[in-house]
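*Asks:* Input structure: upload_24.cif, which contains mmCIF, C-alpha atoms.
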```cif
data_final
#
loop_
_atom_site.group_PDB
_atom_site.id
_atom_site.type_symbol
_atom_site.label_atom_id
_atom_site.label_comp_id
_atom_site.auth_asym_id
_atom_site.auth_seq_id
_atom_site.Cartn_x
_atom_site.Cartn_y
_atom_site.Cartn_z
ATOM 1 C CA MET S 1 -11.845 -4.200 27.079
ATOM 2 C CA ILE S 2 -10.531 -1.384 29.298
ATOM 3 C CA ARG S 3 -7.690 -0.793 26.826
ATOM 4 C CA LYS S 4 -10.189 -0.437 23.944
ATOM 5 C CA VAL S 5 -12.353 1.992 25.929
ATOM 6 C CA SER S 6 -9.279 4.003 26.934
ATOM 7 C CA LYS S 7 -8.067 4.108 23.324
ATOM 8 C CA PHE S 8 -11.525 5.190 22.155
ATOM 9 C CA PHE S 9 -11.673 8.095 24.630
ATOM 10 C CA LYS S 10 -8.142 9.140 23.757
ATOM 11 C CA PHE S 11 -9.103 9.153 20.077
ATOM 12 C CA LEU S 12 -12.310 11.067 20.882
ATOM 13 C CA PHE S 13 -10.274 13.682 22.778
ATOM 14 C CA ILE S 14 -7.864 14.123 19.857
ATOM 15 C CA LYS S 15 -10.729 14.189 17.335
ATOM 16 C CA THR S 16 -12.414 16.940 19.402
ATOM 17 C CA LYS S 17 -9.218 19.021 19.267
ATOM 18 C CA TYR S 18 -9.058 18.438 15.529
ATOM 19 C CA LEU S 19 -12.663 19.585 15.045
ATOM 20 C CA LEU S 20 -12.099 22.682 17.225
ATOM 21 C CA ALA S 21 -9.015 23.476 15.150
ATOM 22 C CA LYS S 22 -11.043 23.095 11.940
ATOM 23 C CA LEU S 23 -13.596 25.537 13.303
ATOM 24 C CA ALA S 24 -10.860 27.978 14.361
ATOM 25 C CA CYS S 25 -9.394 27.872 10.841
ATOM 26 C CA PHE S 26 -12.371 29.865 9.581
ATOM 27 C CA PHE S 27 -11.261 32.781 11.766
ATOM 28 C CA LYS S 28 -7.521 32.606 11.062
ATOM 29 C CA LYS S 29 -7.538 34.737 7.911
ATOM 30 C CA LYS S 30 -3.910 35.829 8.325
ATOM 31 C CA LEU S 31 -2.702 32.220 8.482
ATOM 32 C CA LYS S 32 -4.839 31.155 5.516
ATOM 33 C CA THR S 33 -2.980 33.459 3.141
ATOM 34 C CA LYS S 34 0.486 32.747 4.543
ATOM 35 C CA ILE S 35 2.697 30.036 3.026
ATOM 36 C CA PHE S 36 4.346 27.954 5.737
ATOM 37 C CA PHE S 37 5.456 24.388 6.408
ATOM 38 C CA VAL S 38 5.065 22.144 9.456
ATOM 39 C CA PHE S 39 7.658 19.551 10.442
ATOM 40 C CA ILE S 40 6.995 16.618 12.738
ATOM 41 C CA GLU S 41 8.898 13.451 13.529
ATOM 42 C CA ARG S 42 7.316 11.223 16.125
ATOM 43 C CA GLY S 43 6.030 14.193 18.082
ATOM 44 C CA TYR S 44 8.671 13.964 20.774
ATOM 45 C CA ASP S 45 11.943 14.831 19.046
ATOM 46 C CA ALA S 46 13.666 16.962 16.414
ATOM 47 C CA GLN S 47 16.669 15.326 14.819
ATOM 48 C CA ASP S 48 17.734 13.562 11.698
ATOM 49 C CA ASN S 49 16.461 14.412 8.201
ATOM 50 C CA SER S 50 13.550 16.623 9.234
ATOM 51 C CA LEU S 51 15.739 18.847 11.426
ATOM 52 C CA TYR S 52 18.247 19.369 8.611
ATOM 53 C CA MET S 53 15.441 20.041 6.135
ATOM 54 C CA PHE S 54 13.830 22.434 8.661
ATOM 55 C CA GLU S 55 17.116 24.344 9.004
ATOM 56 C CA TYR S 56 17.457 24.652 5.234
ATOM 57 C CA MET S 57 13.843 25.587 4.489
ATOM 58 C CA SER S 58 13.682 28.092 7.373
ATOM 59 C CA GLN S 59 16.073 30.271 5.388
ATOM 60 C CA TYR S 60 13.403 30.740 2.710
ATOM 61 C CA TYR S 61 9.990 30.031 4.311
ATOM 62 C CA ASP S 62 8.177 30.189 7.613
ATOM 63 C CA CYS S 63 8.591 26.745 9.142
ATOM 64 C CA TYR S 64 7.275 25.287 12.388
ATOM 65 C CA PHE S 65 8.232 22.132 14.273
ATOM 66 C CA ILE S 66 5.802 20.109 16.403
ATOM 67 C CA LEU S 67 7.451 19.103 19.676
ATOM 68 C CA PRO S 68 6.479 18.265 23.261
ATOM 69 C CA LYS S 69 5.930 21.128 25.689
ATOM 70 C CA LYS S 70 9.056 20.304 27.703
ATOM 71 C CA TYR S 71 11.692 19.715 25.076
ATOM 72 C CA THR S 72 15.156 21.223 24.893
ATOM 73 C CA LEU S 73 15.124 22.921 21.531
ATOM 74 C CA PRO S 74 17.954 22.420 19.074
ATOM 75 C CA HIS S 75 19.750 25.698 18.287
ATOM 76 C CA SER S 76 17.929 26.014 14.960
ATOM 77 C CA ILE S 77 14.386 26.024 16.411
ATOM 78 C CA ASP S 78 13.261 28.970 18.504
ATOM 79 C CA GLU S 79 10.140 29.146 20.706
ATOM 80 C CA LYS S 80 8.319 31.184 18.060
ATOM 81 C CA HIS S 81 8.561 28.271 15.604
ATOM 82 C CA LYS S 82 7.707 25.500 18.056
ATOM 83 C CA LEU S 83 4.188 24.052 18.114
ATOM 84 C CA ILE S 84 3.154 21.974 21.114
ATOM 85 C CA PHE S 85 2.439 18.354 20.207
ATOM 86 C CA GLY S 86 -1.303 17.588 20.356
ATOM 87 C CA SER S 87 -2.348 21.216 20.968
ATOM 88 C CA ILE S 88 -5.236 22.841 19.146
ATOM 89 C CA LYS S 89 -2.727 25.319 17.698
ATOM 90 C CA SER S 90 -0.706 22.438 16.218
ATOM 91 C CA PHE S 91 -3.882 21.095 14.562
ATOM 92 C CA ILE S 92 -4.670 24.557 13.154
ATOM 93 C CA TYR S 93 -1.193 24.792 11.659
ATOM 94 C CA LEU S 94 -1.425 21.238 10.286
ATOM 95 C CA LEU S 95 -4.741 22.129 8.647
ATOM 96 C CA LEU S 96 -3.539 25.392 7.086
ATOM 97 C CA CYS S 97 0.081 24.691 6.133
ATOM 98 C CA LYS S 98 1.311 24.173 2.594
ATOM 99 C CA ALA S 99 2.867 20.824 3.523
ATOM 100 C CA ILE S 100 3.434 18.499 6.475
ATOM 101 C CA ILE S 101 6.988 17.179 6.364
ATOM 102 C CA SER S 102 7.994 14.142 8.409
ATOM 103 C CA THR S 103 10.583 11.401 8.646
ATOM 104 C CA HIS S 104 7.955 9.033 10.014
ATOM 105 C CA ILE S 105 5.076 8.149 7.750
ATOM 106 C CA TYR S 106 2.517 7.807 10.533
ATOM 107 C CA SER S 107 3.456 10.913 12.485
ATOM 108 C CA PHE S 108 1.283 13.333 10.561
ATOM 109 C CA VAL S 109 -1.415 13.346 13.239
ATOM 110 C CA PRO S 110 -0.602 14.373 16.802
ATOM 111 C CA GLY S 111 -1.407 11.452 19.036
ATOM 112 C CA ASN S 112 0.064 8.975 16.518
ATOM 113 C CA PHE S 113 -3.399 7.710 15.648
ATOM 114 C CA SER S 114 -2.688 7.792 11.954
ATOM 115 C CA GLU S 115 -1.038 4.377 12.127
ATOM 116 C CA SER S 116 -4.323 2.732 13.057
ATOM 117 C CA PHE S 117 -6.630 5.140 11.275
ATOM 118 C CA LYS S 118 -4.401 5.832 8.238
ATOM 119 C CA MET S 119 -5.418 9.503 8.066
ATOM 120 C CA LYS S 120 -8.998 8.606 7.091
ATOM 121 C CA LYS S 121 -10.574 10.104 10.200
ATOM 122 C CA PHE S 122 -8.488 13.280 9.919
ATOM 123 C CA LYS S 123 -8.866 15.246 6.705
ATOM 124 C CA PHE S 124 -5.730 17.285 6.140
ATOM 125 C CA THR S 125 -5.603 19.016 2.769
ATOM 126 C CA SER S 126 -1.943 19.924 3.288
ATOM 127 C CA LYS S 127 0.529 18.028 1.155
ATOM 128 C CA LYS S 128 2.240 15.181 3.009
ATOM 129 C CA ILE S 129 5.956 14.838 2.370
ATOM 130 C CA TRP S 130 7.784 11.810 3.662
ATOM 131 C CA LEU S 131 11.531 12.341 4.061
ATOM 132 C CA GLN S 132 12.108 8.921 5.601
ATOM 133 C CA HIS S 133 14.641 8.064 8.242
ATOM 134 C CA GLY S 134 17.040 6.242 5.971
ATOM 135 C CA ILE S 135 16.970 3.831 3.047
ATOM 136 C CA ILE S 136 14.207 1.225 2.628
ATOM 137 C CA TYR S 137 15.823 -2.191 2.246
ATOM 138 C CA SER S 138 12.854 -4.544 2.626
ATOM 139 C CA PHE S 139 9.331 -4.613 1.242
ATOM 140 C CA HIS S 140 6.619 -2.859 3.321
ATOM 141 C CA PRO S 141 3.107 -3.615 1.967
ATOM 142 C CA GLU S 142 1.609 -0.694 3.903
ATOM 143 C CA LEU S 143 3.632 1.654 1.673
ATOM 144 C CA VAL S 144 2.222 0.353 -1.619
ATOM 145 C CA TYR S 145 0.210 3.021 -3.435
ATOM 146 C CA PRO S 146 -2.518 4.016 -2.488
ATOM 147 C CA ASN S 147 -2.245 2.491 1.036
ATOM 148 C CA ALA S 148 0.019 5.287 2.263
ATOM 149 C CA ASN S 149 -1.349 8.799 1.986
ATOM 150 C CA ILE S 150 1.812 10.488 0.653
ATOM 151 C CA ASP S 151 2.051 13.342 -1.842
ATOM 152 C CA LEU S 152 5.844 13.311 -2.087
ATOM 153 C CA PHE S 153 7.999 10.264 -1.280
ATOM 154 C CA ILE S 154 11.683 11.226 -0.885
ATOM 155 C CA CYS S 155 14.321 8.574 -1.587
ATOM 156 C CA GLY S 156 17.865 8.758 -0.309
ATOM 157 C CA ALA S 157 19.561 6.444 -2.810
ATOM 158 C CA TYR S 158 19.082 5.824 -6.526
ATOM 159 C CA PRO S 159 18.616 2.009 -6.227
ATOM 160 C CA GLU S 160 15.950 2.653 -3.574
ATOM 161 C CA TYR S 161 14.234 5.148 -5.889
ATOM 162 C CA LYS S 162 14.117 2.596 -8.726
ATOM 163 C CA SER S 163 12.755 -0.176 -6.466
ATOM 164 C CA ILE S 164 10.090 2.100 -4.936
ATOM 165 C CA ILE S 165 8.814 2.984 -8.404
ATOM 166 C CA GLU S 166 8.765 -0.676 -9.499
ATOM 167 C CA LEU S 167 7.461 -2.363 -6.324
ATOM 168 C CA TYR S 168 5.232 0.276 -4.739
ATOM 169 C CA LYS S 169 3.370 1.471 -7.877
ATOM 170 C CA TYR S 170 3.285 5.226 -7.166
ATOM 171 C CA PRO S 171 2.146 7.504 -9.996
ATOM 172 C CA PRO S 172 4.854 9.532 -11.774
ATOM 173 C CA GLY S 173 6.110 12.534 -9.819
ATOM 174 C CA ILE S 174 5.352 11.345 -6.289
ATOM 175 C CA VAL S 175 8.605 9.432 -5.766
ATOM 176 C CA GLN S 176 11.686 11.683 -5.975
ATOM 177 C CA TYR S 177 15.365 10.914 -5.603
ATOM 178 C CA THR S 178 17.030 13.764 -3.685
ATOM 179 C CA GLY S 179 19.437 12.039 -1.312
ATOM 180 C CA LEU S 180 19.233 12.288 2.468
ATOM 181 C CA ALA S 181 18.748 15.758 3.984
ATOM 182 C CA ARG S 182 20.924 14.837 6.970
ATOM 183 C CA TYR S 183 23.850 14.070 4.673
ATOM 184 C CA ASP S 184 24.884 17.724 5.084
ATOM 185 C CA GLY S 185 25.258 17.137 8.808
ATOM 186 C CA LEU S 186 27.314 13.956 8.686
#
```
What does this structure look like when you write it as structure tokens?
*Replies:*
Amino acid sequence: MIRKVSKFFKFLFIKTKYLLAKLACFFKKKLKTKIFFVFIERGYDAQDNSLYMFEYMSQYYDCYFILPKKYTLPHSIDEKHKLIFGSIKSFIYLLLCKAIISTHIYSFVPGNFSESFKMKKFKFTSKKIWLQHGIIYSFHPELVYPNANIDLFICGAYPEYKSIIELYKYPPGIVQYTGLARYDGL
């Protein structure tokens, strides 16, 4: 019972930040017209596919990475492009960005509540791009369309791409075979 109450208040706190961020978006005219992307992994690290994609995309676009307050930044992320995990500013950027890019499907919402709430309580109009962590080798029913709220599903291997299209029933164009972003760093 105490765990449920604690979880409820934690969710309420995060939802309040989200609503404040939504309100603040009305006053952020400069950000509304700017094209930028937000990267997030689990909210406490920057590595793997999203870091390599961040490094590449930062050459052409404004990109931001959501990380904890006390986190040693990789060389490719400076303080100016770091958003603090769970902050109102991070919610504002998530609400106004062109796309949210993550290697973890349920990391789109600071606080990791999206796993239990599946993004239904948080309305982000930004595109959600899932880079994945690696190659999917077993069936995950939670990923079957439309269970997962994904606008672009990146596959790292051609056989994976074919099986995702056949087994997961995504509409044409959502699943793309690009290879792994981190391949450049191996």
*Asks:* Could you tell me which residues the PyMOL selection byres ((chain S and resi 150-153) around 8) grabs in this file, written as JSON, numbers by chain?
*Replies:* {"S": [127, 128, 129, 130, 131, 148, 149, 154, 155, 173, 174, 175, 176]}
*Asks:* Could you write out as an NGL selection string the residues that the PyMOL selection byres ((chain S and resi 59-64) around 7) matches in the shown file?
*Replies:* :S and (36-39 or 54 or 56-58 or 65-66 or 81-83)
*Asks:* Exactly which residues make up the result of the PyMOL selection byres ((chain S and resi 21) around 6) on this file, given as a PyMOL selection string?
*Replies:* chain S and resi 18-20+22-24+88+91-92
*Asks:* Ranking S:Thr72, S:Pro146, S:Ile101, S:Tyr168 by minimum distance to S:Ile40 and counting only C-alpha atoms, which one comes first?
*Replies:*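 Among the listed residues, S:Ile101 lies closest to S:Ile40.
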*Asks:* In Å, how far is it from atom CA of S:Tyr158 to atom CA of S:Tyr177?
*Replies:* 6.4 Å
*Asks:* Between atom CA of S:Phe9 and atom CA of S:Ala99, what is the distance in Å, rounded to a tenth?
*Replies:*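 One can read the atom CA of S:Phe9 to atom CA of S:Ala99 distance as 28.6 Å.
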*Asks:* So that I can check the surroundings of S:Glu160, please list as a PyMOL selection string every protein, DNA and RNA residue that reaches within 7 Å of it, counting all atoms listed in the file and ignoring chain neighbours fewer than 3 positions away.
*Replies:* chain S and resi 135-136+155+157+163-164
*Asks:* Grab the atom CA of S:Lys169 to atom CA of S:Ser126 distance for me, in Å with one decimal place.
*Replies:*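 Atom CA of S:Ser126 lies at a distance of 22.2 Å from atom CA of S:Lys169.
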*Asks:* So, with only C-alpha atoms as the atoms that count, which of S:Tyr161, S:Gly86, S:Glu55, S:Leu167 lies closest to S:Phe139?
*Replies:*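 Ranked by minimum distance to S:Phe139, first place goes to S:Leu167.
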*Asks:* Need the axis-aligned box for stretch 121-139 of chain S with 6 Å each side, so what are the centre and edges in Å to one decimal, as JSON?
*Replies:*
```
{"center_x": 3.2, "center_y": 7.7, "center_z": 5.7, "size_x": 39.6, "size_y": 36.5, "size_z": 21.0}
```
*Asks:* Which of these residues is nearest to S:Phe85, using all atoms listed in the file: S:Leu67, S:Met53, S:Ile2, S:Ile165?
*Replies:*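 Among S:Leu67, S:Met53, S:Ile2, S:Ile165, it is S:Leu67 that comes nearest to S:Phe85.
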*Asks:* Here is a test: counting all atoms listed in the file, which residue of S:Ile100, S:Ile35, S:Gln47, S:Ser90 is nearest to S:Ser76?
*Replies:*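 Looking only at the distances to S:Ser76, the closest residue turns out to be S:Gln47.
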*Asks:* So, counting all atoms listed in the file, which residue among S:His104, S:Lys89, S:Lys80, S:His140 is closest to S:Lys17?
*Replies:*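 Looking at the shortest contact to S:Lys17, the residue is S:Lys89.
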